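Here is the file upload_8.pdb (PDB, C-alpha atoms).
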ATOM      1  CA  MET N   1      -3.535   5.519  -5.264
ATOM      2  CA  ARG N   2      -6.966   6.449  -4.018
ATOM      3  CA  TYR N   3     -10.091   6.892  -6.034
ATOM      4  CA  VAL N   4     -13.524   8.297  -5.305
ATOM      5  CA  ARG N   5     -16.589   7.559  -7.377
ATOM      6  CA  THR N   6     -19.392  10.100  -7.392
ATOM      7  CA  ASP N   7     -22.620   9.363  -9.232
ATOM      8  CA  GLY N   8     -24.869  12.148 -10.387
ATOM      9  CA  ASP N   9     -28.625  12.206 -10.399
ATOM     10  CA  ALA N  10     -28.744  11.078 -13.984
ATOM     11  CA  GLN N  11     -26.315   8.586 -15.494
ATOM     12  CA  GLU N  12     -23.210  10.679 -15.108
ATOM     13  CA  THR N  13     -20.315   9.555 -12.948
ATOM     14  CA  VAL N  14     -17.156  11.289 -11.811
ATOM     15  CA  ILE N  15     -14.166   9.235 -10.716
ATOM     16  CA  THR N  16     -11.411  11.161  -8.994
ATOM     17  CA  ILE N  17      -8.036   9.431  -8.915
ATOM     18  CA  GLU N  18      -5.319  10.582  -6.552
ATOM     19  CA  GLY N  19      -1.689   9.652  -6.084
ATOM     20  CA  THR N  20      -0.001   7.222  -8.428
ATOM     21  CA  LEU N  21      -1.669   5.159 -11.112
ATOM     22  CA  ASP N  22       0.885   2.645 -12.252
ATOM     23  CA  ALA N  23       1.547  -1.035 -12.739
ATOM     24  CA  VAL N  24       1.109  -1.610  -9.013
ATOM     25  CA  THR N  25      -2.085   0.343  -8.478
ATOM     26  CA  ALA N  26      -3.847   0.077 -11.830
ATOM     27  CA  PRO N  27      -5.245  -3.393 -11.024
ATOM     28  CA  GLU N  28      -6.878  -1.882  -7.925
ATOM     29  CA  LEU N  29      -8.744   0.623 -10.072
ATOM     30  CA  ARG N  30      -9.871  -1.765 -12.748
ATOM     31  CA  PRO N  31     -12.877  -3.235 -10.859
ATOM     32  CA  ALA N  32     -14.279   0.246 -10.297
ATOM     33  CA  LEU N  33     -13.977   1.029 -13.976
ATOM     34  CA  ASP N  34     -15.495  -2.312 -14.897
ATOM     35  CA  ALA N  35     -18.462  -1.442 -12.700
ATOM     36  CA  VAL N  36     -19.226   1.892 -14.358
ATOM     37  CA  VAL N  37     -19.005   0.227 -17.753
ATOM     38  CA  ALA N  38     -21.340  -2.566 -16.678
ATOM     39  CA  GLU N  39     -23.796  -0.035 -15.278
ATOM     40  CA  ARG N  40     -23.621   1.943 -18.503
ATOM     41  CA  ARG N  41     -22.886   5.177 -16.704
ATOM     42  CA  ASN N  42     -22.556   8.062 -19.130
ATOM     43  CA  PRO N  43     -20.839  10.398 -19.405
ATOM     44  CA  ILE N  44     -17.917   9.339 -17.251
ATOM     45  CA  THR N  45     -15.541  12.031 -16.097
ATOM     46  CA  ILE N  46     -12.096  11.068 -14.812
ATOM     47  CA  ASP N  47     -10.673  13.791 -12.607
ATOM     48  CA  LEU N  48      -6.874  13.569 -12.533
ATOM     49  CA  SER N  49      -6.176  16.883 -10.846
ATOM     50  CA  SER N  50      -4.744  15.058  -7.835
ATOM     51  CA  LEU N  51      -2.880  12.428  -9.796
ATOM     52  CA  ARG N  52       0.847  12.755  -9.272
ATOM     53  CA  LEU N  53       2.236  10.008 -11.495
ATOM     54  CA  ILE N  54       0.969   7.700 -14.191
ATOM     55  CA  ASP N  55       2.685   5.043 -16.252
ATOM     56  CA  SER N  56       1.717   3.004 -19.265
ATOM     57  CA  SER N  57      -0.192   0.510 -17.143
ATOM     58  CA  GLY N  58      -2.250   3.321 -15.671
ATOM     59  CA  VAL N  59      -2.865   4.731 -19.100
ATOM     60  CA  GLY N  60      -3.875   1.264 -20.236
ATOM     61  CA  VAL N  61      -6.779   0.985 -17.821
ATOM     62  CA  LEU N  62      -8.077   4.403 -18.847
ATOM     63  CA  VAL N  63      -7.782   3.568 -22.538
ATOM     64  CA  SER N  64      -9.606   0.320 -21.878
ATOM     65  CA  LEU N  65     -12.369   2.254 -20.149
ATOM     66  CA  PHE N  66     -12.557   4.696 -23.037
ATOM     67  CA  LYS N  67     -12.859   1.949 -25.629
ATOM     68  CA  ARG N  68     -15.577   0.087 -23.773
ATOM     69  CA  VAL N  69     -17.646   3.170 -23.009
ATOM     70  CA  ARG N  70     -17.306   4.386 -26.557
ATOM     71  CA  ALA N  71     -18.408   0.980 -27.827
ATOM     72  CA  ASN N  72     -21.572   1.486 -25.799
ATOM     73  CA  GLY N  73     -22.089   4.890 -27.339
ATOM     74  CA  GLY N  74     -20.912   6.753 -24.272
ATOM     75  CA  GLU N  75     -18.271   9.328 -23.525
ATOM     76  CA  VAL N  76     -15.261   9.500 -21.226
ATOM     77  CA  ARG N  77     -13.805  12.856 -20.288
ATOM     78  CA  ILE N  78     -10.469  13.473 -18.661
ATOM     79  CA  VAL N  79     -10.133  16.638 -16.616
ATOM     80  CA  GLY N  80      -7.449  18.128 -14.411
ATOM     81  CA  LEU N  81      -4.398  16.817 -16.220
ATOM     82  CA  ARG N  82      -1.157  18.391 -15.071
ATOM     83  CA  ASP N  83       2.540  17.753 -14.638
ATOM     84  CA  GLN N  84       3.805  14.249 -15.363
ATOM     85  CA  PRO N  85       0.416  12.746 -16.230
ATOM     86  CA  LYS N  86      -0.162  15.598 -18.661
ATOM     87  CA  ALA N  87       3.213  14.931 -20.247
ATOM     88  CA  ILE N  88       2.373  11.266 -20.720
ATOM     89  CA  PHE N  89      -1.032  12.044 -22.188
ATOM     90  CA  ARG N  90       0.468  14.525 -24.596
ATOM     91  CA  LEU N  91       3.208  12.151 -25.616
ATOM     92  CA  LEU N  92       0.714   9.398 -26.321
ATOM     93  CA  ARG N  93      -1.629  11.898 -27.963
ATOM     94  CA  LEU N  94      -4.376  10.963 -25.585
ATOM     95  CA  ASP N  95      -5.097  14.593 -24.897
ATOM     96  CA  ARG N  96      -6.622  14.633 -28.363
ATOM     97  CA  VAL N  97      -8.704  11.537 -27.715
ATOM     98  CA  PHE N  98     -10.261  12.405 -24.409
ATOM     99  CA  PRO N  99     -12.354  15.537 -24.380
ATOM    100  CA  GLY N 100     -11.699  17.673 -21.358
TER     101      GLY N 100
ATOM    102  CA  MET L   1      28.194   6.252  -9.442
ATOM    103  CA  ILE L   2      25.053   5.182  -7.641
ATOM    104  CA  ARG L   3      24.345   1.483  -7.492
ATOM    105  CA  LEU L   4      21.174  -0.194  -6.438
ATOM    106  CA  CYS L   5      20.103  -3.782  -6.635
ATOM    107  CA  VAL L   6      16.501  -4.729  -5.929
ATOM    108  CA  PRO L   7      14.379  -7.789  -6.628
ATOM    109  CA  GLY L   8      12.749  -7.575 -10.016
ATOM    110  CA  THR L   9       9.209  -7.280  -8.739
ATOM    111  CA  LEU L  10       6.790  -4.380  -8.726
ATOM    112  CA  GLU L  11       6.952  -4.113  -4.952
ATOM    113  CA  TYR L  12      10.430  -2.649  -5.316
ATOM    114  CA  ARG L  13       9.616  -0.324  -8.158
ATOM    115  CA  ASP L  14       8.912   2.654  -5.964
ATOM    116  CA  ILE L  15      12.236   2.344  -4.165
ATOM    117  CA  ALA L  16      14.080   2.303  -7.447
ATOM    118  CA  LEU L  17      12.043   5.213  -8.772
ATOM    119  CA  ARG L  18      12.833   7.310  -5.744
ATOM    120  CA  VAL L  19      16.552   6.748  -6.172
ATOM    121  CA  VAL L  20      16.395   7.616  -9.857
ATOM    122  CA  SER L  21      14.316  10.693  -9.112
ATOM    123  CA  ALA L  22      16.841  11.918  -6.573
ATOM    124  CA  ALA L  23      19.708  11.275  -8.972
ATOM    125  CA  SER L  24      17.909  13.119 -11.736
ATOM    126  CA  LYS L  25      17.776  16.224  -9.601
ATOM    127  CA  LEU L  26      21.542  16.177  -9.259
ATOM    128  CA  VAL L  27      21.888  16.847 -12.961
ATOM    129  CA  HIS L  28      20.329  20.259 -12.741
ATOM    130  CA  ALA L  29      21.071  20.987  -9.087
ATOM    131  CA  ASN L  30      23.469  23.773  -9.937
ATOM    132  CA  SER L  31      21.368  25.267 -12.668
ATOM    133  CA  ASP L  32      19.540  28.508 -12.356
ATOM    134  CA  SER L  33      16.146  27.841 -10.860
ATOM    135  CA  ALA L  34      15.104  31.417 -10.431
ATOM    136  CA  THR L  35      12.650  31.586 -13.287
ATOM    137  CA  PRO L  36       9.434  29.678 -13.829
ATOM    138  CA  ALA L  37      10.817  28.464 -17.150
ATOM    139  CA  SER L  38      13.912  26.958 -15.590
ATOM    140  CA  ARG L  39      11.920  25.317 -12.843
ATOM    141  CA  LYS L  40       9.520  23.914 -15.387
ATOM    142  CA  ALA L  41      12.423  22.581 -17.455
ATOM    143  CA  ALA L  42      13.839  20.852 -14.397
ATOM    144  CA  GLU L  43      10.459  19.344 -13.543
ATOM    145  CA  ASP L  44      10.044  18.125 -17.111
ATOM    146  CA  PHE L  45      13.508  16.602 -17.058
ATOM    147  CA  ASP L  46      12.819  14.709 -13.860
ATOM    148  CA  ALA L  47       9.376  13.619 -15.034
ATOM    149  CA  GLN L  48      10.766  12.246 -18.263
ATOM    150  CA  VAL L  49      13.609  10.391 -16.570
ATOM    151  CA  VAL L  50      11.364   8.885 -13.918
ATOM    152  CA  SER L  51       8.737   7.950 -16.501
ATOM    153  CA  ALA L  52      11.261   6.254 -18.759
ATOM    154  CA  PHE L  53      12.963   4.391 -15.959
ATOM    155  CA  GLY L  54       9.630   3.328 -14.497
ATOM    156  CA  GLU L  55       8.646   1.790 -17.803
ATOM    157  CA  ALA L  56      11.974  -0.011 -18.002
ATOM    158  CA  PHE L  57      11.436  -1.434 -14.542
ATOM    159  CA  ASN L  58       7.884  -2.440 -15.447
ATOM    160  CA  ASN L  59       9.142  -4.281 -18.492
ATOM    161  CA  ILE L  60      11.465  -6.355 -16.384
ATOM    162  CA  ALA L  61       9.070  -7.009 -13.517
ATOM    163  CA  ILE L  62       6.016  -7.726 -15.660
ATOM    164  CA  HIS L  63       7.448  -9.226 -18.825
ATOM    165  CA  GLY L  64      11.001 -10.212 -17.944
ATOM    166  CA  TYR L  65      10.694 -12.226 -14.789
ATOM    167  CA  VAL L  66       7.854 -14.469 -15.892
ATOM    168  CA  ASP L  67       7.301 -18.151 -16.434
ATOM    169  CA  GLY L  68       9.010 -19.051 -13.218
ATOM    170  CA  ARG L  69      11.916 -16.743 -13.739
ATOM    171  CA  ALA L  70      12.983 -14.541 -10.867
ATOM    172  CA  GLY L  71      15.911 -12.300 -10.308
ATOM    173  CA  ASP L  72      17.212  -8.879  -9.493
ATOM    174  CA  VAL L  73      17.369  -5.577 -11.234
ATOM    175  CA  ASP L  74      20.815  -4.037 -11.057
ATOM    176  CA  ILE L  75      20.758  -0.314 -11.519
ATOM    177  CA  GLU L  76      23.729   1.954 -12.034
ATOM    178  CA  ILE L  77      23.232   5.684 -12.226
ATOM    179  CA  ASP L  78      25.951   7.999 -13.350
ATOM    180  CA  VAL L  79      25.668  11.754 -13.238
ATOM    181  CA  THR L  80      28.431  13.405 -15.197
ATOM    182  CA  GLY L  81      28.134  17.074 -15.897
ATOM    183  CA  SER L  82      24.885  17.578 -17.726
ATOM    184  CA  GLU L  83      24.329  13.905 -18.498
ATOM    185  CA  LEU L  84      22.365  11.330 -16.605
ATOM    186  CA  ARG L  85      23.113   7.771 -17.556
ATOM    187  CA  ILE L  86      21.234   4.795 -16.185
ATOM    188  CA  CYS L  87      22.232   1.221 -16.809
ATOM    189  CA  VAL L  88      19.700  -1.462 -15.968
ATOM    190  CA  ARG L  89      20.632  -5.124 -15.959
ATOM    191  CA  ASP L  90      18.372  -8.100 -15.525
ATOM    192  CA  THR L  91      18.442 -11.790 -16.235
ATOM    193  CA  GLY L  92      14.812 -12.154 -17.207
ATOM    194  CA  LYS L  93      13.240 -12.656 -20.562
ATOM    195  CA  SER L  94      14.510 -10.078 -22.984
ATOM    196  CA  PHE L  95      12.209  -7.717 -24.818
ATOM    197  CA  ASP L  96      12.027  -6.372 -28.311
ATOM    198  CA  PRO L  97      12.933  -2.705 -28.153
ATOM    199  CA  SER L  98      11.553  -2.152 -31.632
ATOM    200  CA  GLY L  99       8.040  -3.177 -30.654
ATOM    201  CA  VAL L 100       6.258   0.105 -30.284
ATOM    202  CA  PRO L 101       2.592   0.968 -30.755
ATOM    203  CA  PRO L 102       1.441   3.894 -32.784
ATOM    204  CA  PRO L 103      -0.464   6.076 -30.346
ATOM    205  CA  GLU L 104      -3.247   6.616 -32.848
ATOM    206  CA  GLU L 105      -4.248   2.983 -32.381
ATOM    207  CA  LEU L 106      -4.950   3.568 -28.706
ATOM    208  CA  PRO L 107      -3.117   0.527 -27.444
ATOM    209  CA  GLU L 108      -3.813  -0.609 -23.928
ATOM    210  CA  ARG L 109      -0.410  -2.209 -23.534
ATOM    211  CA  GLY L 110       3.088  -1.839 -24.820
ATOM    212  CA  MET L 111       3.433   1.907 -24.554
ATOM    213  CA  GLY L 112       6.395   1.633 -22.209
ATOM    214  CA  ILE L 113       9.034   1.320 -24.892
ATOM    215  CA  PHE L 114       7.534   4.248 -26.716
ATOM    216  CA  ILE L 115       7.791   6.314 -23.565
ATOM    217  CA  ILE L 116      11.379   5.276 -22.926
ATOM    218  CA  ARG L 117      12.510   6.097 -26.408
ATOM    219  CA  SER L 118      10.591   9.334 -26.549
ATOM    220  CA  PHE L 119      11.772  10.736 -23.255
ATOM    221  CA  MET L 120      15.411   9.686 -23.310
ATOM    222  CA  ASP L 121      18.102  11.020 -25.617
ATOM    223  CA  ASP L 122      19.887   7.733 -26.115
ATOM    224  CA  VAL L 123      18.686   4.178 -25.591
ATOM    225  CA  THR L 124      20.610   0.987 -26.158
ATOM    226  CA  TYR L 125      19.563  -2.523 -25.358
ATOM    227  CA  GLU L 126      21.680  -5.626 -25.328
ATOM    228  CA  VAL L 127      19.965  -8.958 -25.241
ATOM    229  CA  GLY L 128      21.460 -11.231 -22.633
ATOM    230  CA  SER L 129      22.097 -14.910 -22.619
ATOM    231  CA  ALA L 130      22.690 -17.646 -20.098
ATOM    232  CA  GLY L 131      25.931 -16.069 -19.033
ATOM    233  CA  SER L 132      25.167 -12.409 -19.360
ATOM    234  CA  PRO L 133      22.259 -10.174 -18.408
ATOM    235  CA  ASN L 134      20.068  -8.020 -20.578
ATOM    236  CA  VAL L 135      21.476  -4.520 -20.460
ATOM    237  CA  LEU L 136      19.420  -1.410 -21.024
ATOM    238  CA  ARG L 137      21.286   1.861 -21.094
ATOM    239  CA  ILE L 138      19.390   5.121 -21.183
ATOM    240  CA  MET L 139      20.810   8.595 -21.227
ATOM    241  CA  LYS L 140      19.354  12.042 -20.964
ATOM    242  CA  GLN L 141      21.156  15.323 -21.224
ATOM    243  CA  TRP L 142      20.187  18.408 -19.324
ATOM    244  CA  THR L 143      20.029  21.309 -21.685
ATOM    245  CA  GLY L 144      18.610  23.890 -19.365
ATOM    246  CA  ALA L 145      15.502  25.921 -19.747
ATOM    247  CA  GLY L 146      16.533  27.605 -22.962
ATOM    248  CA  ALA L 147      16.966  24.502 -25.039
ATOM    249  CA  ALA L 148      14.692  22.166 -23.158
ATOM    250  CA  VAL L 149      12.197  20.274 -25.220
ATOM    251  CA  PRO L 150       8.836  20.413 -23.501
ATOM    252  CA  VAL L 151       7.369  17.048 -22.807
ATOM    253  CA  GLY L 152       4.868  15.830 -25.259
ATOM    254  CA  THR L 153       5.884  18.094 -28.108
ATOM    255  CA  PRO L 154       7.881  15.748 -30.363
ATOM    256  CA  HIS L 155       4.816  14.625 -32.256
ATOM    257  CA  THR L 156       3.943  18.017 -33.473
ATOM    258  CA  ALA L 157       7.403  19.050 -34.529
ATOM    259  CA  VAL L 158       7.395  17.266 -37.855
ATOM    260  CA  PRO L 159       4.595  17.211 -40.387
ATOM    261  CA  VAL L 160       2.740  13.970 -40.740
ATOM    262  CA  GLY L 161       4.017  12.040 -43.682
ATOM    263  CA  THR L 162       7.585  13.206 -43.513
ATOM    264  CA  PRO L 163       9.640  10.493 -45.173
ATOM    265  CA  HIS L 164      11.281   8.127 -42.811
ATOM    266  CA  THR L 165      13.971   7.078 -45.199
ATOM    267  CA  ALA L 166      16.658   9.298 -43.821
ATOM    268  CA  VAL L 167      16.288   7.981 -40.324
ATOM    269  CA  PRO L 168      17.257   4.354 -40.004
ATOM    270  CA  VAL L 169      20.896   3.569 -39.838
ATOM    271  CA  GLY L 170      22.020  -0.007 -39.830
ATOM    272  CA  THR L 171      19.737  -2.956 -39.895
ATOM    273  CA  PRO L 172      16.017  -3.594 -39.849
ATOM    274  CA  HIS L 173      14.308  -4.022 -36.528
ATOM    275  CA  THR L 174      13.745  -7.673 -36.998
ATOM    276  CA  ALA L 175      17.401  -8.471 -37.240
ATOM    277  CA  VAL L 176      18.495  -7.615 -33.762
ATOM    278  CA  PRO L 177      16.425  -9.336 -31.106
ATOM    279  CA  VAL L 178      17.393 -12.886 -30.515
ATOM    280  CA  GLY L 179      16.053 -15.647 -28.367
ATOM    281  CA  THR L 180      12.448 -15.236 -27.397
ATOM    282  CA  PRO L 181      11.935 -11.604 -26.617
ATOM    283  CA  HIS L 182       8.456 -10.591 -25.731
ATOM    284  CA  THR L 183       6.795  -8.074 -27.963
ATOM    285  CA  PRO L 184       4.113  -5.953 -26.419
ATOM    286  CA  GLU L 185       0.810  -6.557 -28.070
ATOM    287  CA  GLY L 186      -0.177  -4.643 -31.143
ATOM    288  CA  LEU L 187       2.875  -2.514 -31.416
ATOM    289  CA  PRO L 188       4.344  -2.172 -34.833
ATOM    290  CA  SER L 189       5.356   1.433 -35.045
ATOM    291  CA  ASP L 190       8.305   3.566 -34.200
ATOM    292  CA  PRO L 191       8.182   6.513 -31.836
ATOM    293  CA  LYS L 192      10.942   8.213 -33.771
ATOM    294  CA  GLY L 193       8.968   7.890 -36.948
ATOM    295  CA  PRO L 194       7.608  10.585 -39.157
ATOM    296  CA  ARG L 195       5.705  12.472 -36.497
ATOM    297  CA  SER L 196       8.186  12.278 -33.749
ATOM    298  CA  GLY L 197      10.370  15.248 -34.401
ATOM    299  CA  TRP L 198      13.351  13.096 -33.577
ATOM    300  CA  ARG L 199      15.502  10.977 -35.696
ATOM    301  CA  MET L 200      16.254   7.470 -34.735
ATOM    302  CA  LYS L 201      19.690   6.157 -35.316
ATOM    303  CA  ARG L 202      19.950   2.473 -35.104
ATOM    304  CA  VAL L 203      23.333   0.865 -34.778
ATOM    305  CA  THR L 204      23.674  -2.859 -34.708
ATOM    306  CA  SER L 205      26.939  -4.256 -33.648
ATOM    307  CA  GLN L 206      28.422  -7.629 -34.412
ATOM    308  CA  THR L 207      27.017  -9.696 -37.218
ATOM    309  CA  GLY L 208      24.808  -8.548 -40.060
ATOM    310  CA  PRO L 209      21.067  -9.028 -40.312
ATOM    311  CA  GLU L 210      21.092 -11.923 -42.721
ATOM    312  CA  GLN L 211      23.346 -13.975 -40.506
ATOM    313  CA  GLU L 212      21.396 -13.129 -37.417
ATOM    314  CA  GLU L 213      18.112 -14.151 -38.888
ATOM    315  CA  ALA L 214      19.487 -17.333 -40.307
ATOM    316  CA  ARG L 215      20.774 -18.939 -37.176
ATOM    317  CA  PRO L 216      20.513 -18.812 -33.415
ATOM    318  CA  LYS L 217      22.789 -16.213 -31.996
ATOM    319  CA  PRO L 218      25.654 -17.350 -29.778
ATOM    320  CA  ALA L 219      26.277 -15.455 -26.587
ATOM    321  CA  SER L 220      29.481 -14.025 -27.975
ATOM    322  CA  ALA L 221      27.672 -12.432 -30.860
ATOM    323  CA  LEU L 222      24.909 -10.677 -29.023
ATOM    324  CA  GLY L 223      24.094  -7.416 -30.656
ATOM    325  CA  SER L 224      23.111  -4.165 -29.156
ATOM    326  CA  THR L 225      20.502  -1.826 -30.435
ATOM    327  CA  ARG L 226      20.814   1.878 -30.194
ATOM    328  CA  TYR L 227      18.162   4.497 -30.519
ATOM    329  CA  ALA L 228      19.683   7.939 -30.454
ATOM    330  CA  LYS L 229      17.805  11.164 -30.709
ATOM    331  CA  HIS L 230      18.958  14.074 -32.749
ATOM    332  CA  ARG L 231      17.030  17.246 -32.685
ATOM    333  CA  ARG L 232      16.065  18.528 -36.058
TER     334      ARG L 232
END
Conversion result in structure tokens:
Amino acid sequence: MRYVRTDGDAQETVITIEGTLDAVTAPELRPALDAVVAERRNPITIDLSSLRLIDSSGVGVLVSLFKRVRANGGEVRIVGLRDQPKAIFRLLRLDRVFPG
Amino acid sequence: MIRLCVPGTLEYRDIALRVVSAASKLVHANSDSATPASRKAAEDFDAQVVSAFGEAFNNIAIHGYVDGRAGDVDIEIDVTGSELRICVRDTGKSFDPSGVPPPEELPERGMGIFIIRSFMDDVTYEVGSAGSPNVLRIMKQWTGAGAAVPVGTPHTAVPVGTPHTAVPVGTPHTAVPVGTPHTPEGLPSDPKGPRSGWRMKRVTSQTGPEQEEARPKPASALGSTRYAKHRR
């Protein structure tokens, strides 16, 4: 798993996640997500167009991000879903939760 | 039969996933792959199998081998005709296969069982004891592109509020798990419930629910729990 954080001129942030986001790699991503929450970045866009595989642990860190940002009045968008990650998001109905 | 035994830690998850992924492809290796629909069906099949198995492995590595427990994960994969059967054995802490979160509650944990039961056609789980391992058996049948169920669609197949009364067969969820199975946090619902588009058939072997709840279960009386899908 590899991620890239890109901050815009305003408060917006885009985090692009590549590879596999699972029980092994999700803990590596969590500090980066904690940081954008602490900095109150908004909106936050998660680009998953290069994500190959996600599991429930990976979903968990994104749901955690969503809840915390929403609690601060912010918004998290998920873009680029495809293949297996898209299947997981649809199964868990997260495609209805995260605006694209 | 493909057999693989790896330590029950996350470091070995990828190895196991790769083997399962390769085995999954055998199921539809001889199927027509000329059309986009058939290729998509094959990709969906593999994605669902790998996702379900990955969650099963996670359960063992994260929740099973804890509190000083350590051990292996024994994996048997059997490809017979259009069926892929995977048997996973471990000697860690057992889990409660009925503990499933409703997706509308946005749980951060415990979605693995939901994924397993949603993506596989048949799931059984036998709680182990000192002398026998926990045994998870999952099965998925290749139906080809024509009858394939696209991933993620079960929820929309049945109107919300459809009565659940026709679904359960056998005993209540609470009757089966014995010992000290872990239950993922905040997970009271059933993926084969009203919105799932699938029916859950639960078969409990051995003793009845009242007896099981009333006393500790001896190793000889360990029950198994089955979740079988039936398309409506």
Explicit residues for the PyMOL selection byres ((chain L and resi 130-142) around 8) (as a VMD selection string): chain L and resid 27 to 28 45 49 82 to 92 94 120 to 129 143 to 144 148 219
All residues 9 Å or closer to Arg5 of chain N, only C-alpha atoms, same chain fewer than 3 positions away omitted, as a ChimeraX atom specification: /N:13-17,32
Output C-alpha atoms of each residue in that selection to a file, as an mmCIF file, in the coordinates of the input.
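Result went into out.cif, see below:
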data_model
loop_
_atom_site.group_PDB
_atom_site.id
_atom_site.type_symbol
_atom_site.label_atom_id
_atom_site.label_comp_id
_atom_site.auth_asym_id
_atom_site.auth_seq_id
_atom_site.Cartn_x
_atom_site.Cartn_y
_atom_site.Cartn_z
ATOM 1 C CA THR N 13 -20.315 9.555 -12.948
ATOM 2 C CA VAL N 14 -17.156 11.289 -11.811
ATOM 3 C CA ILE N 15 -14.166 9.235 -10.716
ATOM 4 C CA THR N 16 -11.411 11.161 -8.994
ATOM 5 C CA ILE N 17 -8.036 9.431 -8.915
ATOM 6 C CA ALA N 32 -14.279 0.246 -10.297
#
Target residues per the ChimeraX specification (/L :<6) & /N, formatted as a PyMOL selection string: chain N and resi 56+60+63+84+87+90-92
Selection dump of the PyMOL selection byres ((chain N and resi 53) around 9), as a PyMOL selection string: (chain N and resi 19-22+51-52+54-55+83-85) or (chain L and resi 47+51)
Coordinates-based distance that separates atom CA of Thr6 of chain N from atom CA of Val37 of chain N (Å, one decimal): 14.3 Å
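Using all atoms listed in the file, the shortest contact distance between Ser50 of chain N and any of N:Ala10, N:Val4, N:Val69, N:Val97 is found at N:Val4.
The nearest approach to Lys25 of chain L among the residues L:Ala42, L:Ile77, L:Ala56, L:Leu4, with only C-alpha atoms taken into account, belongs to L:Ala42.
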Leu62 of chain N surroundings by only C-alpha atoms, 9 Å radius, close-in-sequence under 2 positions cut, as a VMD selection string: (chain N and resid 30 33 46 57 to 60 64 to 67) or (chain L and resid 108)
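One distance worth recording is that between atom CA of Asp74 of chain L and atom CA of Gly8 of chain L, which is 8.9 Å.
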Atom pair atom CA of Arg18 of chain L / atom CA of Val6 of chain L: separation (Å):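 Computing the Euclidean distance for atom CA of Arg18 of chain L and atom CA of Val6 of chain L yields 12.6 Å.
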Kindly provide, as JSON, the centre and edge lengths (Å, one decimal) of an axis-aligned box around all atoms of segment 56-59 of chain N given in the file, with 8 Å on each side.
{"center_x": -0.6, "center_y": 2.6, "center_z": -17.5, "size_x": 20.6, "size_y": 20.2, "size_z": 19.6}
Residue with smallest distance to Asp9 of chain N - pool N:Ala23, N:Arg41, N:Ala71, N:Leu29, counting only C-alpha atoms: N:Arg41
Closest of L:Ala41, L:Ile116, L:Leu26, L:Ile60 to Val73 of chain L - atom-to-atom distances counting all atoms listed in the file: L:Ile60
